[in-house]
Amino acid sequence: MAEGLQLRKFLAPEFIFGAGARELAGRYAKNLGGRKVMVVSDPGVVKAGWTKDVTDSLDAAGVPWVLFTALTPNPKADEVMAGVALYQAEYCDALVAVGGGSPIDCAKGIGIVTSNHKHILDFEGVDMVKSPMPPLICIPTTGGTSADVSQFAIISNPRERVKIAIISKSVVPDIALIDPVTLITMDPYLTACTGLDAMTHAIEAFVSTARSSMTDLHALEALKLLSANLIPSIHNLDNEEFRSQVMMGSLQAGLAFSNAILGANHAMAHSLGGALDLAHGECNAILLDHVIDFNFDAAPERFEKIAEAFGLDLRGLTLPQKKQHLLDHVRKLKADAGVSRTLAEVGVGRDDLRLYSEHALKDPCMATNPRRASKRDIEVVYEESL
C-alpha cells in the first residue's frame, strides 16, 4: 500500500505556549473540575521557585492542593505507589505536574493507578490502561522530555533494574502549560542532556516505521530549531529567546514521537537507565551517533533529510560520504554540548551488554526501528559506544 494511504492517527493535548503559561494552572484546574489537586514536583524544581508559582495560582483560583515531592530522577515504581497513597488519603481528584520528565511521568503513574486499581508495573506495554486518568495538567521545566504532550510514561523498576514503557492515549495530559521562562534555572549539563533527548526524539520519529506526513512535519521543524538554538542556549543560560526556541523544538519533537513512536536509541537508553539510574538524555546522547550508523542504510533518504535539517550541504557527495558527514556533525554537536562520556565512563562493562541487549529488544520502542535488530546487533551497537 502507498505510504500516504496507510491509516495513521495523530494525538495531541491542548497546550498553551509562552511566558507566564505556568501561572494559568489555577484557572485550568478549576475549569477541569478539580476540587483538591495533588501537585507532583521534585525538590530541585521547588527550590527554583517554579512550584510556588503554580501553587500560588491554585490559591488564587481557590483550589485546595497537596504537594508530593518524594521522587527521584527516573521515577521508581515505589515512589508512584507512595504518591497514590497520599492522593487517596487526601481525597484528591486532579493532578498538576511541575518539572521535567520525572515528576510528569510520576504524576501519570499516580493517575493510572488511581483510576485502574492495579500496581503501576502491571501497565507495561501498549494500550494496557483501560480507564481514563483523573484530569492532569503538566507544566514542563526542562526542554527535552516532552512528557507533557506524549502518550508515554516511563517508570523504573529498581528490583529488576529495568525501565518500563507505558504507551496509551489514556496518559496524554489534558493540558500542557509550556512556559519557556522555566528553562532559565537549568544548568548547562541538564540543558545539554534534555536538548539532546529532544533531538533524539525528532530523529527517531522521522525514521520510525510508524511515521506519517504529520509527524514528519513536526520532527523536521524540531531538528531545525534545536540545531540552531541548543548550543547557543547552553552557552547563554539566561537568554530567553534561545530558551524559547529550544522549548518549541522540544514541543515539536514531542508531537512527532508521541505519534510516530521511537526506535532502538530509546529502547537501548531505557535499558541503560533502568540498570544504572543515569540521566536519560545522556544515555540517548551516548548512543545517538552509533544508532544512526546502524540504521542509516535502512532509510538513507530519511537520514539525508535529517542532515539537511541540520543545515548540512550534501551536494556532490556519495552516500557513504553523506553518512560520514552526518555522523561527524552529530559527534561535534555532542562535544560542543559537553556530553562526551562513553558507556565505559558511566560505569558500563562489557559483561553487562548481554543483559542490556535482552531488555532493549523487549522495549516497545524497538518495534518501530527502521532496521530489524537481533540481540547481537544491539550488543555490537553498545560495544561501539563503550
# chains A, B, ... in the order shown; residues from 1 in each chain; ligands from 1

call {"tool": "closest_atom_pairs", "arguments": {"of": "segment 2-78 of chain A", "to": "segment 257-266 of chain A", "cutoff": "12 Å", "atoms": "only C-alpha atoms", "output": "JSON lines"}}
result
{"residue": "A:Arg8", "atom": "CA", "partner": "A:Asn259", "partner_atom": "CA", "distance": 8.7}
{"residue": "A:Lys9", "atom": "CA", "partner": "A:Asn259", "partner_atom": "CA", "distance": 7.4}
{"residue": "A:Phe10", "atom": "CA", "partner": "A:Asn259", "partner_atom": "CA", "distance": 5.8}
{"residue": "A:Leu11", "atom": "CA", "partner": "A:Asn259", "partner_atom": "CA", "distance": 6.5}
{"residue": "A:Ala12", "atom": "CA", "partner": "A:Ser258", "partner_atom": "CA", "distance": 8.3}
{"residue": "A:Pro13", "atom": "CA", "partner": "A:Ser258", "partner_atom": "CA", "distance": 10.8}

call {"tool": "select_by_dssp", "arguments": {"residues": "segment 60-287 of chain A", "states": "strand (DSSP E or B)", "output": "MDAnalysis selection string"}}
result
chainID A and resid 65:68 76 94:99 125:126 136:140 152:157 162:167 175:178

call {"tool": "write_last_selection", "arguments": {"atoms": "N, CA, C and O atoms", "output": "short mmCIF file (atom, residue, chain, number, x, y, z; two decimals), in the first residue's frame"}}
result
data_model
loop_
_atom_site.label_atom_id
_atom_site.label_comp_id
_atom_site.auth_asym_id
_atom_site.auth_seq_id
_atom_site.Cartn_x
_atom_site.Cartn_y
_atom_site.Cartn_z
N TRP A 65 -4.88 22.24 47.52
CA TRP A 65 -3.86 21.36 46.94
C TRP A 65 -3.02 20.70 48.03
O TRP A 65 -2.96 21.18 49.16
N VAL A 66 -2.38 19.59 47.64
CA VAL A 66 -1.39 18.93 48.49
C VAL A 66 -0.17 18.67 47.62
O VAL A 66 -0.30 18.39 46.42
N LEU A 67 1.03 18.79 48.22
CA LEU A 67 2.27 18.69 47.43
C LEU A 67 2.93 17.33 47.66
O LEU A 67 3.05 16.88 48.80
N PHE A 68 3.35 16.70 46.56
CA PHE A 68 4.09 15.44 46.63
C PHE A 68 5.42 15.62 45.90
O PHE A 68 5.44 15.88 44.70
N LYS A 76 10.61 5.89 40.34
CA LYS A 76 10.56 4.47 40.68
C LYS A 76 9.12 4.04 40.95
O LYS A 76 8.29 4.83 41.41
N ALA A 94 -7.61 15.50 41.05
CA ALA A 94 -6.93 16.02 39.86
C ALA A 94 -5.43 16.10 40.16
O ALA A 94 -5.02 16.11 41.33
N LEU A 95 -4.63 16.18 39.10
CA LEU A 95 -3.17 16.20 39.23
C LEU A 95 -2.59 17.39 38.47
O LEU A 95 -3.04 17.71 37.37
N VAL A 96 -1.58 18.02 39.06
CA VAL A 96 -0.78 19.04 38.37
C VAL A 96 0.68 18.63 38.53
O VAL A 96 1.15 18.45 39.66
N ALA A 97 1.38 18.44 37.42
CA ALA A 97 2.80 18.07 37.47
C ALA A 97 3.64 19.27 37.09
O ALA A 97 3.37 19.93 36.08
N VAL A 98 4.66 19.55 37.91
CA VAL A 98 5.57 20.68 37.65
C VAL A 98 6.99 20.14 37.67
O VAL A 98 7.47 19.68 38.71
N GLY A 99 7.65 20.16 36.53
CA GLY A 99 9.03 19.68 36.50
C GLY A 99 9.39 19.07 35.15
O GLY A 99 8.71 19.28 34.15
N GLY A 125 3.64 -1.71 28.38
CA GLY A 125 3.27 -2.04 27.00
C GLY A 125 2.31 -1.04 26.40
O GLY A 125 2.17 0.09 26.89
N VAL A 126 1.66 -1.45 25.32
CA VAL A 126 0.81 -0.55 24.53
C VAL A 126 -0.67 -0.80 24.85
O VAL A 126 -1.12 -1.94 24.87
N LEU A 136 -5.28 15.85 34.33
CA LEU A 136 -3.83 16.07 34.52
C LEU A 136 -3.39 17.31 33.76
O LEU A 136 -3.60 17.41 32.54
N ILE A 137 -2.78 18.25 34.48
CA ILE A 137 -2.19 19.46 33.90
C ILE A 137 -0.68 19.35 34.06
O ILE A 137 -0.20 19.05 35.16
N CYS A 138 0.08 19.59 33.00
CA CYS A 138 1.54 19.49 33.07
C CYS A 138 2.20 20.83 32.80
O CYS A 138 1.84 21.52 31.83
N ILE A 139 3.17 21.17 33.64
CA ILE A 139 3.97 22.37 33.44
C ILE A 139 5.43 21.92 33.35
O ILE A 139 6.08 21.66 34.36
N PRO A 140 5.97 21.74 32.12
CA PRO A 140 7.34 21.25 31.98
C PRO A 140 8.36 22.33 32.32
O PRO A 140 8.16 23.50 32.00
N PHE A 152 3.33 8.60 26.46
CA PHE A 152 4.30 7.72 27.12
C PHE A 152 4.38 8.04 28.61
O PHE A 152 4.33 9.21 28.99
N ALA A 153 4.57 7.01 29.43
CA ALA A 153 5.05 7.19 30.81
C ALA A 153 6.14 6.15 31.02
O ALA A 153 5.94 4.96 30.71
N ILE A 154 7.31 6.59 31.49
CA ILE A 154 8.45 5.69 31.69
C ILE A 154 8.71 5.58 33.19
O ILE A 154 8.99 6.58 33.85
N ILE A 155 8.60 4.36 33.72
CA ILE A 155 8.72 4.13 35.16
C ILE A 155 9.84 3.12 35.39
O ILE A 155 9.94 2.12 34.67
N SER A 156 10.66 3.35 36.43
CA SER A 156 11.75 2.43 36.75
C SER A 156 11.30 1.37 37.74
O SER A 156 10.56 1.66 38.68
N ASN A 157 11.78 0.15 37.50
CA ASN A 157 11.56 -0.96 38.42
C ASN A 157 12.93 -1.34 38.98
O ASN A 157 13.65 -2.14 38.38
N VAL A 162 15.16 -2.45 35.55
CA VAL A 162 14.68 -2.13 34.20
C VAL A 162 13.74 -0.92 34.27
O VAL A 162 13.21 -0.59 35.33
N LYS A 163 13.56 -0.28 33.12
CA LYS A 163 12.54 0.75 32.97
C LYS A 163 11.41 0.17 32.14
O LYS A 163 11.67 -0.53 31.16
N ILE A 164 10.18 0.46 32.53
CA ILE A 164 9.06 0.01 31.70
C ILE A 164 8.47 1.20 30.96
O ILE A 164 8.47 2.33 31.47
N ALA A 165 7.99 0.94 29.76
CA ALA A 165 7.32 1.97 28.97
C ALA A 165 5.82 1.67 28.94
O ALA A 165 5.41 0.56 28.59
N ILE A 166 5.03 2.66 29.37
CA ILE A 166 3.58 2.56 29.29
C ILE A 166 3.15 3.51 28.18
O ILE A 166 3.44 4.71 28.25
N ILE A 167 2.51 2.98 27.16
CA ILE A 167 2.12 3.79 25.99
C ILE A 167 0.61 3.66 25.80
O ILE A 167 0.11 2.56 25.55
N ILE A 175 -3.98 19.07 29.57
CA ILE A 175 -3.44 20.35 29.08
C ILE A 175 -1.98 20.48 29.50
O ILE A 175 -1.60 20.06 30.59
N ALA A 176 -1.18 21.05 28.62
CA ALA A 176 0.22 21.36 28.92
C ALA A 176 0.37 22.88 28.91
O ALA A 176 -0.03 23.54 27.95
N LEU A 177 0.90 23.41 30.00
CA LEU A 177 1.19 24.85 30.10
C LEU A 177 2.70 24.99 29.94
O LEU A 177 3.46 24.76 30.87
N ILE A 178 3.12 25.33 28.72
CA ILE A 178 4.54 25.25 28.35
C ILE A 178 5.14 26.66 28.41
O ILE A 178 4.90 27.50 27.55
#

call {"tool": "residues_around", "arguments": {"residues": "Gly273 of chain A", "least_positions_apart": "2", "cutoff": "10 Å", "atoms": "only C-alpha atoms", "output": "number ranges by chain"}}
result
A: 74, 156, 161-163, 268-271, 275-284, 356

call {"tool": "write_last_selection", "arguments": {"atoms": "N, CA, C and O atoms", "output": "short mmCIF file (atom, residue, chain, number, x, y, z; two decimals), in the first residue's frame"}}
result
data_model
loop_
_atom_site.label_atom_id
_atom_site.label_comp_id
_atom_site.auth_asym_id
_atom_site.auth_seq_id
_atom_site.Cartn_x
_atom_site.Cartn_y
_atom_site.Cartn_z
N ASN A 74 14.28 9.55 37.13
CA ASN A 74 13.85 8.22 36.69
C ASN A 74 12.89 7.64 37.73
O ASN A 74 13.26 6.76 38.50
N SER A 156 10.66 3.35 36.43
CA SER A 156 11.75 2.43 36.75
C SER A 156 11.30 1.37 37.74
O SER A 156 10.56 1.66 38.68
N ARG A 161 15.86 -3.86 37.89
CA ARG A 161 16.81 -2.96 37.24
C ARG A 161 16.44 -2.73 35.77
O ARG A 161 17.27 -2.82 34.88
N VAL A 162 15.16 -2.45 35.55
CA VAL A 162 14.68 -2.13 34.20
C VAL A 162 13.74 -0.92 34.27
O VAL A 162 13.21 -0.59 35.33
N LYS A 163 13.56 -0.28 33.12
CA LYS A 163 12.54 0.75 32.97
C LYS A 163 11.41 0.17 32.14
O LYS A 163 11.67 -0.53 31.16
N MET A 268 17.38 1.19 23.84
CA MET A 268 18.68 0.92 24.47
C MET A 268 18.94 1.87 25.64
O MET A 268 19.52 1.48 26.66
N ALA A 269 18.49 3.12 25.52
CA ALA A 269 18.67 4.09 26.60
C ALA A 269 17.81 3.72 27.81
O ALA A 269 18.25 3.87 28.96
N HIS A 270 16.59 3.24 27.56
CA HIS A 270 15.74 2.79 28.67
C HIS A 270 16.40 1.64 29.43
O HIS A 270 16.36 1.58 30.66
N SER A 271 17.02 0.73 28.68
CA SER A 271 17.69 -0.41 29.30
C SER A 271 18.85 0.06 30.19
O SER A 271 19.00 -0.38 31.32
N ALA A 275 19.05 0.16 34.53
CA ALA A 275 20.09 -0.57 35.25
C ALA A 275 20.98 0.35 36.08
O ALA A 275 21.40 0.00 37.18
N LEU A 276 21.27 1.54 35.55
CA LEU A 276 22.28 2.39 36.18
C LEU A 276 21.74 3.71 36.73
O LEU A 276 22.48 4.48 37.32
N ASP A 277 20.44 3.98 36.53
CA ASP A 277 19.84 5.23 37.04
C ASP A 277 20.59 6.46 36.54
O ASP A 277 20.85 7.41 37.27
N LEU A 278 20.96 6.43 35.25
CA LEU A 278 21.66 7.56 34.62
C LEU A 278 20.66 8.57 34.06
O LEU A 278 19.50 8.23 33.84
N ALA A 279 21.13 9.79 33.79
CA ALA A 279 20.28 10.78 33.13
C ALA A 279 19.87 10.24 31.76
O ALA A 279 20.71 9.84 30.96
N HIS A 280 18.55 10.24 31.52
CA HIS A 280 18.02 9.66 30.28
C HIS A 280 18.60 10.34 29.05
O HIS A 280 18.97 9.69 28.07
N GLY A 281 18.70 11.67 29.09
CA GLY A 281 19.22 12.41 27.93
C GLY A 281 20.66 12.04 27.62
O GLY A 281 21.04 11.94 26.45
N GLU A 282 21.46 11.83 28.67
CA GLU A 282 22.85 11.44 28.43
C GLU A 282 22.93 10.03 27.83
O GLU A 282 23.73 9.79 26.93
N CYS A 283 22.09 9.11 28.33
CA CYS A 283 22.05 7.75 27.73
C CYS A 283 21.77 7.85 26.24
O CYS A 283 22.43 7.19 25.42
N ASN A 284 20.78 8.66 25.87
CA ASN A 284 20.44 8.82 24.45
C ASN A 284 21.60 9.40 23.68
O ASN A 284 21.92 8.95 22.57
N TYR A 356 21.66 -6.05 28.98
CA TYR A 356 21.08 -4.79 28.48
C TYR A 356 20.43 -5.00 27.12
O TYR A 356 19.39 -4.42 26.82
#

call {"tool": "residues_around", "arguments": {"residues": "Glu240 of chain A", "least_positions_apart": "2", "cutoff": "8 Å", "atoms": "only C-alpha atoms", "output": "ChimeraX atom specification"}}
result
/A:180-181,184,238,242-244

call {"tool": "write_last_selection", "arguments": {"atoms": "all heavy atoms", "output": "mmCIF file, in the first residue's frame"}}
result
data_model
loop_
_atom_site.group_PDB
_atom_site.id
_atom_site.type_symbol
_atom_site.label_atom_id
_atom_site.label_comp_id
_atom_site.auth_asym_id
_atom_site.auth_seq_id
_atom_site.Cartn_x
_atom_site.Cartn_y
_atom_site.Cartn_z
ATOM 1 N N PRO A 180 8.495 28.759 28.530
ATOM 2 C CA PRO A 180 9.949 28.697 28.320
ATOM 3 C C PRO A 180 10.760 29.427 29.385
ATOM 4 O O PRO A 180 11.949 29.156 29.564
ATOM 5 C CB PRO A 180 10.149 29.333 26.939
ATOM 6 C CG PRO A 180 8.891 30.035 26.614
ATOM 7 C CD PRO A 180 7.792 29.396 27.402
ATOM 8 N N VAL A 181 10.124 30.326 30.139
ATOM 9 C CA VAL A 181 10.831 31.057 31.196
ATOM 10 C C VAL A 181 11.405 30.077 32.224
ATOM 11 O O VAL A 181 12.464 30.315 32.817
ATOM 12 C CB VAL A 181 9.883 32.082 31.873
ATOM 13 C CG1 VAL A 181 10.547 32.742 33.076
ATOM 14 C CG2 VAL A 181 9.436 33.134 30.867
ATOM 15 N N ILE A 184 15.275 28.840 32.437
ATOM 16 C CA ILE A 184 16.459 29.649 32.798
ATOM 17 C C ILE A 184 17.149 29.144 34.063
ATOM 18 O O ILE A 184 18.275 29.533 34.342
ATOM 19 C CB ILE A 184 16.127 31.159 32.941
ATOM 20 C CG1 ILE A 184 15.090 31.394 34.034
ATOM 21 C CG2 ILE A 184 15.680 31.753 31.604
ATOM 22 C CD1 ILE A 184 14.847 32.856 34.364
ATOM 23 N N ASP A 238 20.898 32.493 30.381
ATOM 24 C CA ASP A 238 19.787 33.392 30.737
ATOM 25 C C ASP A 238 19.160 34.062 29.512
ATOM 26 O O ASP A 238 18.353 34.983 29.650
ATOM 27 C CB ASP A 238 20.245 34.446 31.756
ATOM 28 C CG ASP A 238 21.497 35.194 31.299
ATOM 29 O OD1 ASP A 238 22.005 34.852 30.207
ATOM 30 O OD2 ASP A 238 21.962 36.090 32.024
ATOM 31 N N PHE A 242 16.790 32.109 23.078
ATOM 32 C CA PHE A 242 17.333 30.775 22.788
ATOM 33 C C PHE A 242 16.520 29.704 23.515
ATOM 34 O O PHE A 242 16.179 28.663 22.961
ATOM 35 C CB PHE A 242 18.801 30.674 23.211
ATOM 36 C CG PHE A 242 19.753 31.490 22.374
ATOM 37 C CD1 PHE A 242 20.845 32.136 22.958
ATOM 38 C CD2 PHE A 242 19.583 31.607 20.997
ATOM 39 C CE1 PHE A 242 21.730 32.883 22.193
ATOM 40 C CE2 PHE A 242 20.462 32.361 20.223
ATOM 41 C CZ PHE A 242 21.539 32.999 20.829
ATOM 42 N N ARG A 243 16.213 29.968 24.797
ATOM 43 C CA ARG A 243 15.458 29.004 25.599
ATOM 44 C C ARG A 243 14.077 28.747 24.983
ATOM 45 O O ARG A 243 13.596 27.619 24.931
ATOM 46 C CB ARG A 243 15.269 29.541 27.025
ATOM 47 C CG ARG A 243 16.559 29.643 27.827
ATOM 48 C CD ARG A 243 17.117 28.283 28.135
ATOM 49 N NE ARG A 243 18.045 28.309 29.248
ATOM 50 C CZ ARG A 243 18.633 27.240 29.744
ATOM 51 N NH1 ARG A 243 18.391 26.060 29.210
ATOM 52 N NH2 ARG A 243 19.469 27.318 30.754
ATOM 53 N N SER A 244 13.451 29.810 24.530
ATOM 54 C CA SER A 244 12.116 29.681 23.946
ATOM 55 C C SER A 244 12.146 28.814 22.687
ATOM 56 O O SER A 244 11.274 27.963 22.473
ATOM 57 C CB SER A 244 11.563 31.073 23.625
ATOM 58 O OG SER A 244 10.260 30.982 23.140
#

call {"tool": "residues_around", "arguments": {"residues": "Glu79 of chain A", "least_positions_apart": "4", "cutoff": "10 Å", "atoms": "only C-alpha atoms", "output": "list in words"}}
result
Phe68, Thr69, Ala70, Leu71, Thr72, Pro75, Gly83, Val84, Ala85, Cys106, Gly109, Ile110, Ile155 and Ser156 of chain A

call {"tool": "residues_around", "arguments": {"residues": "Ala299 of chain A", "least_positions_apart": "5", "cutoff": "9 Å", "atoms": "only C-alpha atoms", "output": "compact mmCIF listing (two decimals) with all heavy atoms, in the first residue's frame"}}
result
# COMPACT_ATOMS: atom_id res chain seq x y z
N VAL A 207 12.52 8.63 11.28
CA VAL A 207 12.86 7.38 10.59
C VAL A 207 11.99 6.20 11.05
O VAL A 207 12.14 5.09 10.55
CB VAL A 207 14.36 7.02 10.73
CG1 VAL A 207 15.23 8.11 10.13
CG2 VAL A 207 14.75 6.75 12.18
N GLU A 304 19.24 11.62 4.98
CA GLU A 304 19.66 12.79 4.18
C GLU A 304 18.83 14.02 4.55
O GLU A 304 19.37 15.12 4.70
CB GLU A 304 19.51 12.50 2.68
CG GLU A 304 20.63 11.66 2.11
CD GLU A 304 20.47 11.51 0.59
OE1 GLU A 304 20.23 12.52 -0.09
OE2 GLU A 304 20.61 10.37 0.10
N PRO A 370 13.70 1.48 12.16
CA PRO A 370 13.68 1.23 10.71
C PRO A 370 14.44 -0.03 10.28
O PRO A 370 14.17 -0.57 9.21
CB PRO A 370 14.33 2.49 10.12
CG PRO A 370 15.12 3.08 11.23
CD PRO A 370 14.37 2.75 12.48
N ARG A 371 15.37 -0.49 11.10
CA ARG A 371 16.13 -1.70 10.75
C ARG A 371 15.87 -2.76 11.81
O ARG A 371 16.00 -2.48 13.01
CB ARG A 371 17.63 -1.38 10.67
CG ARG A 371 18.48 -2.58 10.34
CD ARG A 371 19.96 -2.20 10.21
NE ARG A 371 20.80 -3.39 10.18
CZ ARG A 371 22.13 -3.37 10.23
NH1 ARG A 371 22.77 -2.21 10.33
NH2 ARG A 371 22.83 -4.49 10.21

call {"tool": "decode", "arguments": {"residues": "segment 109-154 of chain A", "atoms": "C-alpha atoms", "output": "mmCIF file, in the first residue's frame"}}
result
data_model
loop_
_atom_site.group_PDB
_atom_site.id
_atom_site.type_symbol
_atom_site.label_atom_id
_atom_site.label_comp_id
_atom_site.auth_asym_id
_atom_site.auth_seq_id
_atom_site.Cartn_x
_atom_site.Cartn_y
_atom_site.Cartn_z
ATOM 1 C CA GLY A 109 1.728 6.844 37.037
ATOM 2 C CA ILE A 110 -0.310 8.105 40.012
ATOM 3 C CA GLY A 111 -3.211 8.906 37.690
ATOM 4 C CA ILE A 112 -3.081 5.480 36.018
ATOM 5 C CA VAL A 113 -3.137 3.584 39.324
ATOM 6 C CA THR A 114 -5.875 5.675 40.976
ATOM 7 C CA SER A 115 -8.239 5.018 38.053
ATOM 8 C CA ASN A 116 -7.300 1.411 37.314
ATOM 9 C CA HIS A 117 -6.605 -0.002 40.800
ATOM 10 C CA LYS A 118 -3.577 -2.147 39.992
ATOM 11 C CA HIS A 119 0.147 -1.802 40.642
ATOM 12 C CA ILE A 120 1.894 0.573 38.215
ATOM 13 C CA LEU A 121 4.141 -2.205 36.851
ATOM 14 C CA ASP A 122 1.055 -4.065 35.576
ATOM 15 C CA PHE A 123 0.532 -1.491 32.799
ATOM 16 C CA GLU A 124 3.718 -2.067 30.774
ATOM 17 C CA GLY A 125 3.272 -2.042 27.004
ATOM 18 C CA VAL A 126 0.807 -0.547 24.529
ATOM 19 C CA ASP A 127 -2.842 0.242 25.351
ATOM 20 C CA MET A 128 -2.854 -1.509 28.736
ATOM 21 C CA VAL A 129 -4.514 1.439 30.537
ATOM 22 C CA LYS A 130 -8.236 0.729 30.306
ATOM 23 C CA SER A 131 -9.803 3.545 32.390
ATOM 24 C CA PRO A 132 -9.046 7.237 31.848
ATOM 25 C CA MET A 133 -6.895 9.050 34.393
ATOM 26 C CA PRO A 134 -8.096 11.929 36.560
ATOM 27 C CA PRO A 135 -7.568 15.393 34.998
ATOM 28 C CA LEU A 136 -3.835 16.067 34.524
ATOM 29 C CA ILE A 137 -2.194 19.461 33.896
ATOM 30 C CA CYS A 138 1.540 19.486 33.069
ATOM 31 C CA ILE A 139 3.971 22.374 33.439
ATOM 32 C CA PRO A 140 7.345 21.247 31.980
ATOM 33 C CA THR A 141 10.514 22.895 33.334
ATOM 34 C CA THR A 142 13.045 21.169 31.042
ATOM 35 C CA GLY A 143 13.392 21.491 27.275
ATOM 36 C CA GLY A 144 13.560 17.889 26.241
ATOM 37 C CA THR A 145 11.408 15.083 27.556
ATOM 38 C CA SER A 146 8.090 16.306 26.080
ATOM 39 C CA ALA A 147 6.283 14.079 28.594
ATOM 40 C CA ASP A 148 3.784 16.948 28.838
ATOM 41 C CA VAL A 149 2.407 16.194 25.348
ATOM 42 C CA SER A 150 3.139 12.486 24.911
ATOM 43 C CA GLN A 151 1.268 9.213 25.342
ATOM 44 C CA PHE A 152 4.297 7.720 27.120
ATOM 45 C CA ALA A 153 5.046 7.185 30.813
ATOM 46 C CA ILE A 154 8.449 5.690 31.688
#
